[in-house]
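Colleague: Starting off with a structure, shown below.
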Number of protein chains: 2
Amino acid sequence: MPESRGSESKVVVNLSNRHIHVSREDLDALFGAGHQLTKTKDLKQPGQFACDETVTIKGPKGMFEAVRILGPERKETQCEILASDVFKLGVPGCPTRESGQLEGSMGMEIIGPAGSVKKDKGLIIAKRHIHFDPAAALRFGVADKELVSIRVGGERSAVFENVVCRVHATYALECHLDFDEGNAVGIGNGTMGEVLRQTKDGTANEGQAALK
Amino acid sequence: MPESRGSESKVVVNLSNRHIHVSREDLDALFGAGHQLTKTKDLKQPGQFACDETVTIKGPKGMFEAVRILGPERKETQCEILASDVFKLGVPGCPTRESGQLEGSMGMEIIGPAGSVKKDKGLIIAKRHIHFDPAAALRFGVADKELVSIRVGGERSAVFENVVCRVHATYALECHLDFDEGNAVGIGNGTMGEVLRQTKDGTANEGQAALK
């Protein structure tokens, strides 16, 4: 049994569809100089919001229309797709990355109503993660960048491994999985998940044993 | 640590897309009286094969075209969809079921080149399962209908719980997950998975502990 390091283990899970964060420069190119994003809904993470604006994302083989922009503007444009999108776009090598870690990510074309931009990086599959404010991190006994597992789902439950903990004063306690992961376990937004300790190599939960 | 009951724990995992098994009667209605299925590929399970024939599956809200028929003919028509198909078809209550357990499953319309049929049951989300021949079941130490877990995937690994063991003399050793589950962990056909013992309530792996 792992040593007790915190008193809390349950976290709300919300599911991400493919979406994009855009830089000021790309927003100018896609929607016209000086265009301001139109907030339609606040997200759980403070200061983050869904926008009325959408774009088309184009890869070597295909495209997705109506990809939602999430605001506010970011320093670098970053599009987060689902693993199931990789075939249609034609980007089989698209890496799984934490937000903002775009070195070695894939290129794409982004098409907006006022123009298009070709990016040589910025396309990633988002890595599963949990946002913690520092007080929540203490209660859970986790550190920034630590990998944990999370159990979610009922009849079709699973333990997702290699979930990265991200601790920051501006965060609200929330786990982000994507639609593929949500469908695999049959859950919707707002489901509670149970955070589990995992070994350092990220391949096995402590105490969990193979059948043999 | 669970007691050792077998000497083997690795199994090949193959991924199912949405597909349909059809009865003789429905095959007559959909493709014409006496139509014989055209085998294009043997599947790993002995006697099972993919067919050239496809149909359209229609629900209250939408449809999927080109749904592959898997042969041979079955006693009852059964269409296995993905959890991610439920919204487009408009069947939010579609249950997760083992093959052949169609009581309380959803209705659907099936459209073929020679006609269509309306079924009041037969639409299910397939329950994760592992096929064992009796000798393999002995090596793994599992019984028919036993629930186990399976760990699959690398960087995006997960432990899928409530995987039903199905033991029969006509089966070949193989785990069936679906495309949603495969995408959630970033695997393709032929990946090896590790079978893990789970507790009887099906919600936790033996020895696995919550974070707190």
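Letters for chains follow the order of the structure tokens (A, B, ...), residue numbers begin at 1 for each chain, and ligand numbers begin at 1 in the order shown.
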Any chance you could list, as a PyMOL selection string, the residues in range 48-177 of chain A that come up strand (DSSP E) when DSSP is run on the backbone?
Modeller: chain A and resi 49-58+63-71+78-81+96-97+106-111+116-126+129-132+147-152+158-167+174-177
Colleague: Keeping only C-alpha atoms, take the residues you just selected and write them out as a PDB file, in the first residue's frame.
Modeller:
ATOM      1  CA  PHE A  49     -13.411  30.825 -22.034  1.00  0.00           C
ATOM      2  CA  ALA A  50     -15.088  29.292 -25.095  1.00  0.00           C
ATOM      3  CA  CYS A  51     -15.477  31.661 -28.050  1.00  0.00           C
ATOM      4  CA  ASP A  52     -18.087  32.116 -30.739  1.00  0.00           C
ATOM      5  CA  GLU A  53     -15.273  31.947 -33.319  1.00  0.00           C
ATOM      6  CA  THR A  54     -14.346  28.691 -35.053  1.00  0.00           C
ATOM      7  CA  VAL A  55     -11.782  27.806 -37.722  1.00  0.00           C
ATOM      8  CA  THR A  56     -11.046  24.970 -40.135  1.00  0.00           C
ATOM      9  CA  ILE A  57      -7.972  22.826 -39.431  1.00  0.00           C
ATOM     10  CA  LYS A  58      -6.403  21.205 -42.471  1.00  0.00           C
ATOM     11  CA  MET A  63      -9.784  18.755 -42.529  1.00  0.00           C
ATOM     12  CA  PHE A  64     -12.069  19.485 -39.624  1.00  0.00           C
ATOM     13  CA  GLU A  65     -14.443  22.426 -39.844  1.00  0.00           C
ATOM     14  CA  ALA A  66     -15.881  24.367 -36.920  1.00  0.00           C
ATOM     15  CA  VAL A  67     -12.965  23.821 -34.549  1.00  0.00           C
ATOM     16  CA  ARG A  68     -13.747  25.998 -31.529  1.00  0.00           C
ATOM     17  CA  ILE A  69     -11.339  28.734 -30.410  1.00  0.00           C
ATOM     18  CA  LEU A  70     -10.724  28.864 -26.659  1.00  0.00           C
ATOM     19  CA  GLY A  71      -9.652  32.238 -25.282  1.00  0.00           C
ATOM     20  CA  GLN A  78      -1.798  25.467 -30.435  1.00  0.00           C
ATOM     21  CA  CYS A  79      -4.433  23.063 -31.756  1.00  0.00           C
ATOM     22  CA  GLU A  80      -5.361  20.075 -29.598  1.00  0.00           C
ATOM     23  CA  ILE A  81      -6.881  17.175 -31.533  1.00  0.00           C
ATOM     24  CA  THR A  96       0.911  13.527 -27.219  1.00  0.00           C
ATOM     25  CA  ARG A  97       2.060  16.668 -25.439  1.00  0.00           C
ATOM     26  CA  MET A 106       3.001  18.713 -36.193  1.00  0.00           C
ATOM     27  CA  GLY A 107       2.273  21.462 -38.684  1.00  0.00           C
ATOM     28  CA  MET A 108      -1.185  22.365 -40.019  1.00  0.00           C
ATOM     29  CA  GLU A 109      -3.095  24.912 -42.039  1.00  0.00           C
ATOM     30  CA  ILE A 110      -5.677  27.030 -40.224  1.00  0.00           C
ATOM     31  CA  ILE A 111      -8.457  28.646 -42.243  1.00  0.00           C
ATOM     32  CA  SER A 116      -5.469  31.350 -43.564  1.00  0.00           C
ATOM     33  CA  VAL A 117      -2.133  30.609 -41.930  1.00  0.00           C
ATOM     34  CA  LYS A 118       0.273  27.715 -42.353  1.00  0.00           C
ATOM     35  CA  LYS A 119       1.988  26.658 -39.148  1.00  0.00           C
ATOM     36  CA  ASP A 120       5.044  24.408 -39.019  1.00  0.00           C
ATOM     37  CA  LYS A 121       4.158  23.332 -35.473  1.00  0.00           C
ATOM     38  CA  GLY A 122       1.347  23.574 -32.917  1.00  0.00           C
ATOM     39  CA  LEU A 123      -0.733  20.457 -33.606  1.00  0.00           C
ATOM     40  CA  ILE A 124      -0.765  18.042 -30.647  1.00  0.00           C
ATOM     41  CA  ILE A 125      -2.840  15.354 -28.946  1.00  0.00           C
ATOM     42  CA  ALA A 126      -3.358  16.751 -25.467  1.00  0.00           C
ATOM     43  CA  HIS A 129      -3.824  16.216 -16.972  1.00  0.00           C
ATOM     44  CA  ILE A 130      -5.220  17.448 -13.697  1.00  0.00           C
ATOM     45  CA  HIS A 131      -5.164  21.122 -12.721  1.00  0.00           C
ATOM     46  CA  PHE A 132      -4.492  21.745  -9.033  1.00  0.00           C
ATOM     47  CA  LEU A 147       2.327  11.477 -12.911  1.00  0.00           C
ATOM     48  CA  VAL A 148      -0.718   9.838 -11.335  1.00  0.00           C
ATOM     49  CA  SER A 149      -3.525   7.577 -12.527  1.00  0.00           C
ATOM     50  CA  ILE A 150      -7.246   8.291 -12.473  1.00  0.00           C
ATOM     51  CA  ARG A 151     -10.106   5.808 -12.251  1.00  0.00           C
ATOM     52  CA  VAL A 152     -13.322   6.896 -13.988  1.00  0.00           C
ATOM     53  CA  ALA A 158     -10.859   2.265 -16.592  1.00  0.00           C
ATOM     54  CA  VAL A 159      -7.765   3.527 -14.851  1.00  0.00           C
ATOM     55  CA  PHE A 160      -6.005   6.022 -17.111  1.00  0.00           C
ATOM     56  CA  GLU A 161      -2.287   6.101 -16.358  1.00  0.00           C
ATOM     57  CA  ASN A 162       0.324   8.824 -16.905  1.00  0.00           C
ATOM     58  CA  VAL A 163      -1.961  11.711 -15.998  1.00  0.00           C
ATOM     59  CA  VAL A 164       0.234  14.754 -15.380  1.00  0.00           C
ATOM     60  CA  CYS A 165      -0.428  16.944 -12.328  1.00  0.00           C
ATOM     61  CA  ARG A 166      -0.171  20.652 -13.074  1.00  0.00           C
ATOM     62  CA  VAL A 167      -0.028  22.892 -10.007  1.00  0.00           C
ATOM     63  CA  GLU A 174     -10.203  19.772 -12.516  1.00  0.00           C
ATOM     64  CA  CYS A 175      -9.113  16.779 -14.597  1.00  0.00           C
ATOM     65  CA  HIS A 176      -9.114  17.099 -18.382  1.00  0.00           C
ATOM     66  CA  LEU A 177      -9.622  13.981 -20.469  1.00  0.00           C
TER      67      LEU A 177
END
Colleague: Of the residues A:Leu82, A:Ala143, A:Leu102, A:Val91, which is the one nearest to chain B, using only C-alpha atoms?
Modeller: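 Looking at the shortest contact to chain B, the residue is A:Leu82.
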Colleague: I'd like the contact shell of Pro72 in chain A - 8 Å cut-off, only C-alpha atoms, skipping same-chain residues fewer than 4 positions apart - returned as a PyMOL selection string.
Modeller: chain A and resi 21+37+47-49
